[in-house]
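Quick look at coords_31.pdb (PDB, C-alpha atoms and all ligand atoms):
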```pdb
ATOM      1  CA  MET A   1     112.107  91.449 100.989
ATOM      2  CA  LEU A   2     114.592  92.415 103.701
ATOM      3  CA  GLU A   3     116.890  90.029 105.516
ATOM      4  CA  VAL A   4     119.298  91.272 108.168
ATOM      5  CA  ARG A   5     121.735  88.898 109.805
ATOM      6  CA  GLY A   6     124.144  89.538 112.640
ATOM      7  CA  LEU A   7     123.996  93.302 112.256
ATOM      8  CA  GLN A   8     126.383  95.226 114.469
ATOM      9  CA  VAL A   9     126.652  99.021 114.586
ATOM     10  CA  ARG A  10     129.286 100.868 116.594
ATOM     11  CA  TYR A  11     130.354 104.455 117.066
ATOM     12  CA  GLY A  12     133.981 104.181 118.183
ATOM     13  CA  THR A  13     133.828 102.152 121.363
ATOM     14  CA  ILE A  14     130.044 102.520 121.745
ATOM     15  CA  LEU A  15     128.185  99.421 120.706
ATOM     16  CA  ALA A  16     124.761 100.667 119.565
ATOM     17  CA  VAL A  17     123.543  97.451 117.931
ATOM     18  CA  GLU A  18     125.236  94.342 119.202
ATOM     19  CA  HIS A  19     123.608  91.663 117.139
ATOM     20  CA  LEU A  20     120.405  91.947 115.135
ATOM     21  CA  ASP A  21     118.672  89.308 113.038
ATOM     22  CA  LEU A  22     115.505  90.576 111.414
ATOM     23  CA  HIS A  23     113.435  89.945 108.330
ATOM     24  CA  VAL A  24     110.542  91.695 106.658
ATOM     25  CA  ASP A  25     108.382  89.856 104.139
ATOM     26  CA  ALA A  26     106.670  91.543 101.208
ATOM     27  CA  GLY A  27     103.419  93.206 102.241
ATOM     28  CA  GLU A  28     104.149  93.142 105.958
ATOM     29  CA  ILE A  29     104.208  95.988 108.448
ATOM     30  CA  VAL A  30     106.977  95.223 110.934
ATOM     31  CA  VAL A  31     107.882  97.323 113.953
ATOM     32  CA  LEU A  32     111.144  97.573 115.840
ATOM     33  CA  ILE A  33     110.228  98.657 119.356
ATOM     34  CA  GLY A  34     112.608  99.858 122.043
ATOM     35  CA  ALA A  35     113.273 102.460 124.720
ATOM     36  CA  ASN A  36     115.552 105.489 124.246
ATOM     37  CA  GLY A  37     119.009 104.385 123.245
ATOM     38  CA  ALA A  38     117.976 100.798 122.474
ATOM     39  CA  GLY A  39     119.563 101.087 119.030
ATOM     40  CA  LYS A  40     116.507 101.517 116.803
ATOM     41  CA  SER A  41     117.841 104.445 114.783
ATOM     42  CA  SER A  42     121.258 102.856 114.483
ATOM     43  CA  ALA A  43     119.628  99.712 113.103
ATOM     44  CA  VAL A  44     117.409 101.419 110.525
ATOM     45  CA  ASN A  45     120.166 103.828 109.514
ATOM     46  CA  ALA A  46     122.458 100.888 108.828
ATOM     47  CA  ILE A  47     119.723  99.074 106.906
ATOM     48  CA  THR A  48     119.172 102.110 104.673
ATOM     49  CA  GLY A  49     122.848 103.015 104.342
ATOM     50  CA  LEU A  50     123.079 106.190 106.423
ATOM     51  CA  VAL A  51     125.587 104.568 108.745
ATOM     52  CA  GLN A  52     128.047 101.827 107.945
ATOM     53  CA  GLN A  53     127.543  98.595 109.837
ATOM     54  CA  ALA A  54     130.550  97.082 111.636
ATOM     55  CA  LYS A  55     129.398  93.530 110.968
ATOM     56  CA  GLY A  56     126.519  91.665 109.424
ATOM     57  CA  ASP A  57     124.661  91.072 106.193
ATOM     58  CA  ILE A  58     121.809  93.125 104.785
ATOM     59  CA  SER A  59     120.003  91.782 101.794
ATOM     60  CA  PHE A  60     117.158  93.604 100.076
ATOM     61  CA  ALA A  61     115.017  91.968  97.379
ATOM     62  CA  GLY A  62     117.549  89.153  97.189
ATOM     63  CA  GLU A  63     120.584  91.403  96.723
ATOM     64  CA  ASP A  64     123.396  92.192  99.128
ATOM     65  CA  VAL A  65     123.155  95.973  99.651
ATOM     66  CA  CYS A  66     125.812  96.374 102.369
ATOM     67  CA  ARG A  67     128.242  98.198 100.136
ATOM     68  CA  LEU A  68     125.699 100.420  98.391
ATOM     69  CA  ASP A  69     125.291 104.002  99.563
ATOM     70  CA  ALA A  70     121.937 105.312 100.759
ATOM     71  CA  ALA A  71     121.053 106.958  97.422
ATOM     72  CA  GLU A  72     121.650 103.702  95.563
ATOM     73  CA  ARG A  73     119.491 101.820  98.059
ATOM     74  CA  VAL A  74     116.720 104.383  97.436
ATOM     75  CA  ARG A  75     117.053 103.732  93.708
ATOM     76  CA  ARG A  76     116.489 100.044  94.393
ATOM     77  CA  GLY A  77     113.346 100.747  96.372
ATOM     78  CA  LEU A  78     114.569 101.059  99.952
ATOM     79  CA  ALA A  79     113.566 104.473 101.322
ATOM     80  CA  LEU A  80     113.938 105.972 104.793
ATOM     81  CA  VAL A  81     112.035 108.683 106.633
ATOM     82  CA  ILE A  82     114.667 109.683 109.181
ATOM     83  CA  GLU A  83     114.054 110.460 112.835
ATOM     84  CA  GLY A  84     113.176 114.152 113.103
ATOM     85  CA  ARG A  85     111.899 114.133 109.478
ATOM     86  CA  GLY A  86     114.748 116.034 107.805
ATOM     87  CA  ILE A  87     112.590 118.287 105.702
ATOM     88  CA  PHE A  88     114.141 121.320 104.020
ATOM     89  CA  SER A  89     112.548 124.036 106.119
ATOM     90  CA  GLU A  90     113.412 126.978 103.836
ATOM     91  CA  MET A  91     111.818 125.334 100.822
ATOM     92  CA  THR A  92     108.143 125.003  99.986
ATOM     93  CA  VAL A  93     106.033 121.887 100.402
ATOM     94  CA  ARG A  94     106.052 121.422  96.650
ATOM     95  CA  GLU A  95     109.848 121.698  96.405
ATOM     96  CA  ASN A  96     110.320 119.211  99.234
ATOM     97  CA  ILE A  97     108.027 116.718  97.530
ATOM     98  CA  GLU A  98     109.772 117.168  94.197
ATOM     99  CA  LEU A  99     113.151 116.509  95.809
ATOM    100  CA  GLY A 100     111.875 113.071  96.732
ATOM    101  CA  ALA A 101     111.968 112.218  93.046
ATOM    102  CA  PHE A 102     115.779 112.555  92.893
ATOM    103  CA  ALA A 103     116.153 108.822  92.500
ATOM    104  CA  LYS A 104     113.708 108.806  89.586
ATOM    105  CA  PRO A 105     115.079 111.121  86.882
ATOM    106  CA  GLU A 106     112.520 109.616  84.503
ATOM    107  CA  LEU A 107     109.785 111.350  86.510
ATOM    108  CA  ARG A 108     109.282 114.549  84.550
ATOM    109  CA  GLY A 109     106.404 116.634  83.282
ATOM    110  CA  SER A 110     103.096 114.838  83.537
ATOM    111  CA  SER A 111     104.463 111.742  85.267
ATOM    112  CA  LEU A 112     106.045 113.941  87.956
ATOM    113  CA  GLN A 113     102.742 115.760  88.312
ATOM    114  CA  SER A 114     100.749 112.558  88.694
ATOM    115  CA  ALA A 115     103.195 111.273  91.327
ATOM    116  CA  ILE A 116     102.732 114.555  93.221
ATOM    117  CA  ASP A 117      98.950 114.322  92.825
ATOM    118  CA  HIS A 118      99.053 110.857  94.355
ATOM    119  CA  ILE A 119     100.855 112.188  97.447
ATOM    120  CA  VAL A 120      98.428 115.089  97.771
ATOM    121  CA  THR A 121      95.455 112.731  97.525
ATOM    122  CA  MET A 122      96.949 110.708 100.341
ATOM    123  CA  PHE A 123      97.686 113.797 102.464
ATOM    124  CA  PRO A 124      95.218 116.528 101.416
ATOM    125  CA  ARG A 125      96.682 118.917 104.007
ATOM    126  CA  LEU A 126      99.852 119.021 101.934
ATOM    127  CA  GLY A 127      97.810 120.137  98.951
ATOM    128  CA  ASP A 128      96.249 122.931 100.985
ATOM    129  CA  ARG A 129      99.749 124.097 101.936
ATOM    130  CA  PHE A 130     101.471 123.374  98.657
ATOM    131  CA  HIS A 131     103.292 126.719  98.339
ATOM    132  CA  GLN A 132     103.879 127.225 102.041
ATOM    133  CA  ILE A 133     107.444 127.247 103.428
ATOM    134  CA  ALA A 134     107.911 123.804 104.988
ATOM    135  CA  GLY A 135     109.452 125.160 108.189
ATOM    136  CA  THR A 136     106.119 126.827 109.017
ATOM    137  CA  LEU A 137     104.142 123.552 108.890
ATOM    138  CA  SER A 138     102.968 121.907 112.104
ATOM    139  CA  GLY A 139     104.879 118.867 113.339
ATOM    140  CA  GLY A 140     102.231 116.497 112.001
ATOM    141  CA  GLU A 141     102.208 118.169 108.598
ATOM    142  CA  GLN A 142     106.005 117.973 108.479
ATOM    143  CA  GLN A 143     105.819 114.249 109.180
ATOM    144  CA  MET A 144     103.274 113.851 106.369
ATOM    145  CA  LEU A 145     105.611 115.812 104.104
ATOM    146  CA  ALA A 146     108.567 113.603 105.021
ATOM    147  CA  ILE A 147     106.508 110.491 104.241
ATOM    148  CA  GLY A 148     105.177 112.002 101.021
ATOM    149  CA  ARG A 149     108.675 112.922  99.896
ATOM    150  CA  ALA A 150     109.936 109.391 100.572
ATOM    151  CA  LEU A 151     107.019 107.942  98.589
ATOM    152  CA  MET A 152     108.067 109.915  95.514
ATOM    153  CA  SER A 153     110.826 107.340  94.964
ATOM    154  CA  SER A 154     108.103 104.598  94.761
ATOM    155  CA  PRO A 155     109.748 102.487  97.464
ATOM    156  CA  ARG A 156     109.061  98.798  97.786
ATOM    157  CA  LEU A 157     110.118  99.014 101.414
ATOM    158  CA  LEU A 158     109.457 102.206 103.345
ATOM    159  CA  VAL A 159     111.415 102.512 106.593
ATOM    160  CA  LEU A 160     110.245 105.092 109.137
ATOM    161  CA  ASP A 161     112.151 106.150 112.232
ATOM    162  CA  GLU A 162     109.796 107.280 115.037
ATOM    163  CA  PRO A 163     107.002 108.709 112.912
ATOM    164  CA  SER A 164     105.061 109.571 116.099
ATOM    165  CA  LEU A 165     107.833 111.664 117.643
ATOM    166  CA  GLY A 166     106.431 114.766 119.361
ATOM    167  CA  LEU A 167     103.004 114.509 117.750
ATOM    168  CA  ALA A 168      99.556 114.748 119.311
ATOM    169  CA  PRO A 169      97.608 111.451 119.514
ATOM    170  CA  ARG A 170      95.076 112.529 116.908
ATOM    171  CA  ILE A 171      97.787 113.228 114.335
ATOM    172  CA  VAL A 172      99.581 110.006 115.235
ATOM    173  CA  ASP A 173      96.341 108.104 114.552
ATOM    174  CA  GLU A 174      95.967 109.817 111.186
ATOM    175  CA  ILE A 175      99.517 108.983 110.133
ATOM    176  CA  ALA A 176      99.164 105.420 111.387
ATOM    177  CA  GLU A 177      96.007 105.027 109.319
ATOM    178  CA  ARG A 178      97.798 106.258 106.190
ATOM    179  CA  LEU A 179     100.627 103.771 106.726
ATOM    180  CA  VAL A 180      98.229 100.864 107.109
ATOM    181  CA  GLN A 181      96.407 102.030 103.973
ATOM    182  CA  LEU A 182      99.689 102.279 102.102
ATOM    183  CA  ALA A 183     100.561  98.684 102.932
ATOM    184  CA  ARG A 184      97.069  97.387 102.196
ATOM    185  CA  ASP A 185      96.184  99.341  99.055
ATOM    186  CA  SER A 186      99.524 100.176  97.461
ATOM    187  CA  GLY A 187     101.454  97.052  98.399
ATOM    188  CA  VAL A 188     104.264  98.994 100.080
ATOM    189  CA  THR A 189     106.101  96.995 102.723
ATOM    190  CA  VAL A 190     106.749  98.960 105.910
ATOM    191  CA  LEU A 191     109.378  98.792 108.667
ATOM    192  CA  ILE A 192     108.913 101.207 111.561
ATOM    193  CA  ALA A 193     111.275 102.005 114.439
ATOM    194  CA  GLU A 194     109.058 103.172 117.261
ATOM    195  CA  GLN A 195     109.339 103.898 120.935
ATOM    196  CA  ASN A 196     105.567 104.015 121.317
ATOM    197  CA  ALA A 197     104.924 100.300 121.787
ATOM    198  CA  ALA A 198     101.140 100.605 121.810
ATOM    199  CA  LEU A 199     101.159 102.390 118.478
ATOM    200  CA  GLY A 200     103.699 100.032 116.960
ATOM    201  CA  LEU A 201     101.800  96.922 117.990
ATOM    202  CA  ASN A 202      98.482  98.362 116.860
ATOM    203  CA  ILE A 203      99.496  98.892 113.279
ATOM    204  CA  SER A 204     101.995  96.104 112.683
ATOM    205  CA  ASP A 205     101.793  92.448 111.776
ATOM    206  CA  ARG A 206     104.994  91.505 113.595
ATOM    207  CA  ALA A 207     107.326  93.132 116.058
ATOM    208  CA  TYR A 208     110.854  92.930 117.393
ATOM    209  CA  VAL A 209     111.655  94.375 120.805
ATOM    210  CA  LEU A 210     115.150  95.789 121.024
ATOM    211  CA  GLN A 211     116.947  96.296 124.315
ATOM    212  CA  ARG A 212     120.503  97.610 124.453
ATOM    213  CA  GLY A 213     121.191  96.578 120.901
ATOM    214  CA  ARG A 214     119.752  93.073 121.092
ATOM    215  CA  VAL A 215     116.390  91.555 120.258
ATOM    216  CA  VAL A 216     114.881  90.350 123.508
ATOM    217  CA  LEU A 217     111.408  89.508 122.278
ATOM    218  CA  GLN A 218     109.780  89.002 118.900
ATOM    219  CA  GLY A 219     106.552  87.691 117.483
ATOM    220  CA  LEU A 220     103.176  88.484 116.065
ATOM    221  CA  ALA A 221     101.959  91.903 117.138
ATOM    222  CA  SER A 222      98.642  90.369 118.185
ATOM    223  CA  GLU A 223     100.470  88.073 120.610
ATOM    224  CA  LEU A 224     102.767  90.752 122.001
ATOM    225  CA  ARG A 225      99.806  93.087 122.503
ATOM    226  CA  SER A 226      98.257  90.646 124.929
ATOM    227  CA  ASN A 227     101.529  90.299 126.822
ATOM    228  CA  THR A 228     101.588  93.811 128.280
ATOM    229  CA  ASP A 229     103.404  92.954 131.510
ATOM    230  CA  LEU A 230     106.294  91.421 129.662
ATOM    231  CA  MET A 231     106.392  94.312 127.213
ATOM    232  CA  ARG A 232     106.538  96.792 130.097
ATOM    233  CA  VAL A 233     109.504  95.014 131.661
ATOM    234  CA  TYR A 234     111.449  95.062 128.401
ATOM    235  CA  LEU A 235     110.680  98.641 127.547
ATOM    236  CA  GLU A 236     111.741  99.837 130.974
ATOM    237  CA  GLY A 237     115.041  97.995 130.807
TER     238      GLY A 237
HETATM  239  N1  LIG B   1     126.580 109.305 116.256
HETATM  240  C1  LIG B   1     126.721 108.671 117.415
HETATM  241  N2  LIG B   1     127.909 108.701 118.099
HETATM  242  C2  LIG B   1     128.059 108.039 119.264
HETATM  243  N3  LIG B   1     127.083 107.316 119.859
HETATM  244  C3  LIG B   1     125.907 107.263 119.246
HETATM  245  C4  LIG B   1     125.645 107.929 117.996
HETATM  246  N4  LIG B   1     124.371 107.698 117.636
HETATM  247  C5  LIG B   1     123.849 106.905 118.598
HETATM  248  N5  LIG B   1     124.768 106.639 119.562
HETATM  249  C6  LIG B   1     124.569 105.794 120.765
HETATM  250  O1  LIG B   1     124.116 104.534 120.318
HETATM  251  C7  LIG B   1     123.098 104.039 121.202
HETATM  252  C8  LIG B   1     121.850 103.733 120.382
HETATM  253  O2  LIG B   1     121.311 104.968 119.901
HETATM  254  P1  LIG B   1     120.120 105.038 118.861
HETATM  255  O3  LIG B   1     119.968 106.440 118.468
HETATM  256  O4  LIG B   1     120.328 104.039 117.816
HETATM  257  O5  LIG B   1     118.905 104.574 119.791
HETATM  258  P2  LIG B   1     117.336 104.720 119.570
HETATM  259  O6  LIG B   1     116.741 103.418 119.984
HETATM  260  O7  LIG B   1     117.054 105.213 118.229
HETATM  261  O8  LIG B   1     116.939 105.823 120.667
HETATM  262  P3  LIG B   1     115.796 106.969 120.607
HETATM  263  O9  LIG B   1     114.499 106.304 120.971
HETATM  264  O10 LIG B   1     116.214 107.938 121.669
HETATM  265  O11 LIG B   1     115.789 107.559 119.244
HETATM  266  C9  LIG B   1     122.920 105.086 122.279
HETATM  267  O12 LIG B   1     123.658 104.678 123.400
HETATM  268  C10 LIG B   1     123.497 106.338 121.655
HETATM  269  O13 LIG B   1     124.050 107.188 122.640
HETATM  270 MG    MG B   2     116.092 106.853 117.456
END
```
Please lay out the structure from this file as structure tokens.
Ligand SMILES: Nc1ncnc2c1ncn2[C@@H]1O[C@H](COP(=O)(O)OP(=O)(O)OP(=O)(O)O)[C@@H](O)[C@H]1O
Ligand SMILES: [Mg+2]
Amino acid sequence: MLEVRGLQVRYGTILAVEHLDLHVDAGEIVVLIGANGAGKSSAVNAITGLVQQAKGDISFAGEDVCRLDAAERVRRGLALVIEGRGIFSEMTVRENIELGAFAKPELRGSSLQSAIDHIVTMFPRLGDRFHQIAGTLSGGEQQMLAIGRALMSSPRLLVLDEPSLGLAPRIVDEIAERLVQLARDSGVTVLIAEQNAALGLNISDRAYVLQRGRVVLQGLASELRSNTDLMRVYLEG
């Protein structure tokens, strides 16, 4: 579904991603693990079109998407939940969810309503707070809202940047469970950038470990989980 080859991302003279080869197959949950500054956000932002890559190829569902802007990638089924969530804090939960349908102008009336109902069934807390101003939601609820909004575009590949950021373990578990459910029951493919290695390896099928913009370790999550010493060395580096 996603094939990234030789990706390089720079900000002026700063090389954030030096060289990244990565692929995600349909139905998989893949995690990109790394310490602060490893280049996770730069990688997923380039994949989804929020930053321009300096070098490399990105193909999604068999098409080269390198020159498409982020909105066009969303239209093709490649959605991102950015780091820090990016919800519109002055707007209500409902309005935020509806904005997620921007890429689907055909969603109107009853079809829009049933898409919203689907999100609320997945995250009942959003239903309870439907008319609340989003900025007053808890961090966990805001993360659920950001995920719900992204799902309104019916993505084939959902990319999440640090969904666990600043959240209590119980909420992290709840969100993790929803993501696994999404992949299993709704056939959404998932790519997660995550600093929390334990979380990432628990919910994913495969993982890449990024260190200073390069993949230093990759494999099945089940194998990496049992290699905790090695993981610790990489994540400290
Ligand atoms: N807009 C920018 N301008 C200049 N340098 C940047 C910019 N964004 C990121 N960087 C640098 O690129 C490198 C990779 O940053 P990036 O945000 O991709 O890492 P990350 O793995 O997502 O880290 P974190 O876990 O803290 O979110 C860092 O050295 C960072 O300082
Ligand atoms: Mg980041």
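By only C-alpha atoms, and with residues fewer than 3 positions from Asp117 (chain A) along its chain excluded, the set lying at most 12 Å from it is Arg94, Ile97, Glu98, Ser110, Ser111, Leu112, Gln113, Ser114, Val120, Thr121, Met122, Phe123, Pro124, Leu126, Gly127, Phe130, Gly148, Leu151 and Met152 of chain A.
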Point to revise | Residues selected by the PyMOL selection byres (((chain A and resi 37) around 9) and not hetatm), written as a VMD selection string | key: chain A and resid 16 34 to 36 38 to 41 211 to 213
Practice item. Name every residue that the PyMOL selection byres (((chain A and resi 207) around 7) and not hetatm) selects in this structure, writing the answer as a ChimeraX atom specification with chains first and numbers rising. Key: /A:30-32,201,204,206,208-209,218-221
Practice item. List the neighbours of region 75-78 of chain A out to 10 Å using all atoms listed in the file; skip same-chain residues closer than 5 positions along the sequence, and give me the result as a PyMOL selection string. Key: chain A and resi 1-2+47-49+60-61+63+65+70+101-104+150-151+153-159+188-189
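The shortest atom-to-atom distance to ligand MG 2 (chain B), with only C-alpha atoms and all ligand atoms taken into account, belongs to A:Ile192 out of A:Ala168, A:Ile192, A:Ile119, A:Met144.
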Practice item. Can you give me, as a PyMOL selection string, the residues this file yields under the PyMOL selection byres (((chain A and resi 131) around 12) and not hetatm)? Key: chain A and resi 90-97+125-130+132-137
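Across A:Leu217, A:Ile33, A:Leu199, A:Ala54, the tightest approach to Gly12 (chain A) is made by A:Ala54 when counting only C-alpha atoms.
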Incomplete region 185-213 of chain A filled out to N, CA and C atoms as an mmCIF file, in the frame of the given file:
```cif
data_model
loop_
_atom_site.group_PDB
_atom_site.id
_atom_site.type_symbol
_atom_site.label_atom_id
_atom_site.label_comp_id
_atom_site.auth_asym_id
_atom_site.auth_seq_id
_atom_site.Cartn_x
_atom_site.Cartn_y
_atom_site.Cartn_z
ATOM 1 N N ASP A 185 96.679 98.973 100.379
ATOM 2 C CA ASP A 185 96.184 99.341 99.055
ATOM 3 C C ASP A 185 97.283 99.496 98.009
ATOM 4 N N SER A 186 98.468 99.914 98.443
ATOM 5 C CA SER A 186 99.524 100.176 97.461
ATOM 6 C C SER A 186 100.622 99.121 97.486
ATOM 7 N N GLY A 187 100.481 98.141 98.368
ATOM 8 C CA GLY A 187 101.454 97.052 98.399
ATOM 9 C C GLY A 187 102.849 97.461 98.831
ATOM 10 N N VAL A 188 102.952 98.579 99.571
ATOM 11 C CA VAL A 188 104.264 98.994 100.080
ATOM 12 C C VAL A 188 104.526 98.243 101.386
ATOM 13 N N THR A 189 105.701 97.677 101.502
ATOM 14 C CA THR A 189 106.101 96.995 102.723
ATOM 15 C C THR A 189 106.667 98.048 103.676
ATOM 16 N N VAL A 190 106.403 97.893 104.973
ATOM 17 C CA VAL A 190 106.749 98.960 105.910
ATOM 18 C C VAL A 190 107.521 98.415 107.115
ATOM 19 N N LEU A 191 108.616 99.091 107.443
ATOM 20 C CA LEU A 191 109.378 98.792 108.667
ATOM 21 C C LEU A 191 109.444 100.077 109.480
ATOM 22 N N ILE A 192 108.974 100.008 110.725
ATOM 23 C CA ILE A 192 108.913 101.207 111.561
ATOM 24 C C ILE A 192 109.737 101.015 112.829
ATOM 25 N N ALA A 193 110.607 101.975 113.138
ATOM 26 C CA ALA A 193 111.275 102.005 114.439
ATOM 27 C C ALA A 193 110.429 102.899 115.317
ATOM 28 N N GLU A 194 110.032 102.409 116.473
ATOM 29 C CA GLU A 194 109.058 103.172 117.261
ATOM 30 C C GLU A 194 109.237 102.909 118.751
ATOM 31 N N GLN A 195 109.238 104.014 119.483
ATOM 32 C CA GLN A 195 109.339 103.898 120.935
ATOM 33 C C GLN A 195 107.956 103.666 121.549
ATOM 34 N N ASN A 196 106.947 104.152 120.855
ATOM 35 C CA ASN A 196 105.567 104.015 121.317
ATOM 36 C C ASN A 196 105.082 102.593 120.997
ATOM 37 N N ALA A 197 105.211 101.713 122.008
ATOM 38 C CA ALA A 197 104.924 100.300 121.787
ATOM 39 C C ALA A 197 103.459 100.059 121.421
ATOM 40 N N ALA A 198 102.568 100.808 122.076
ATOM 41 C CA ALA A 198 101.140 100.605 121.810
ATOM 42 C C ALA A 198 100.829 100.909 120.354
ATOM 43 N N LEU A 199 101.364 102.012 119.881
ATOM 44 C CA LEU A 199 101.159 102.390 118.478
ATOM 45 C C LEU A 199 101.759 101.334 117.552
ATOM 46 N N GLY A 200 103.000 100.992 117.820
ATOM 47 C CA GLY A 200 103.699 100.032 116.960
ATOM 48 C C GLY A 200 102.951 98.716 116.856
ATOM 49 N N LEU A 201 102.480 98.224 117.997
ATOM 50 C CA LEU A 201 101.800 96.922 117.990
ATOM 51 C C LEU A 201 100.412 97.020 117.378
ATOM 52 N N ASN A 202 99.818 98.203 117.440
ATOM 53 C CA ASN A 202 98.482 98.362 116.860
ATOM 54 C C ASN A 202 98.483 98.306 115.349
ATOM 55 N N ILE A 203 99.541 98.810 114.743
ATOM 56 C CA ILE A 203 99.496 98.892 113.279
ATOM 57 C C ILE A 203 100.330 97.826 112.584
ATOM 58 N N SER A 204 101.086 97.040 113.355
ATOM 59 C CA SER A 204 101.995 96.104 112.683
ATOM 60 C C SER A 204 101.470 94.670 112.678
ATOM 61 N N ASP A 205 102.071 93.885 111.796
ATOM 62 C CA ASP A 205 101.793 92.448 111.776
ATOM 63 C C ASP A 205 102.719 91.717 112.747
ATOM 64 N N ARG A 206 103.986 92.152 112.748
ATOM 65 C CA ARG A 206 104.994 91.505 113.595
ATOM 66 C C ARG A 206 105.868 92.560 114.236
ATOM 67 N N ALA A 207 106.495 92.164 115.347
ATOM 68 C CA ALA A 207 107.326 93.132 116.058
ATOM 69 C C ALA A 207 108.586 92.478 116.612
ATOM 70 N N TYR A 208 109.622 93.302 116.699
ATOM 71 C CA TYR A 208 110.854 92.930 117.393
ATOM 72 C C TYR A 208 111.041 93.935 118.516
ATOM 73 N N VAL A 209 111.375 93.459 119.697
ATOM 74 C CA VAL A 209 111.655 94.375 120.805
ATOM 75 C C VAL A 209 113.159 94.392 121.026
ATOM 76 N N LEU A 210 113.705 95.602 120.935
ATOM 77 C CA LEU A 210 115.150 95.789 121.024
ATOM 78 C C LEU A 210 115.483 96.354 122.397
ATOM 79 N N GLN A 211 116.474 95.780 123.028
ATOM 80 C CA GLN A 211 116.947 96.296 124.315
ATOM 81 C C GLN A 211 118.459 96.288 124.290
ATOM 82 N N ARG A 212 119.046 97.453 124.484
ATOM 83 C CA ARG A 212 120.503 97.610 124.453
ATOM 84 C C ARG A 212 121.134 96.869 123.286
ATOM 85 N N GLY A 213 120.568 97.098 122.117
ATOM 86 C CA GLY A 213 121.191 96.578 120.901
ATOM 87 C C GLY A 213 120.956 95.105 120.609
#
```
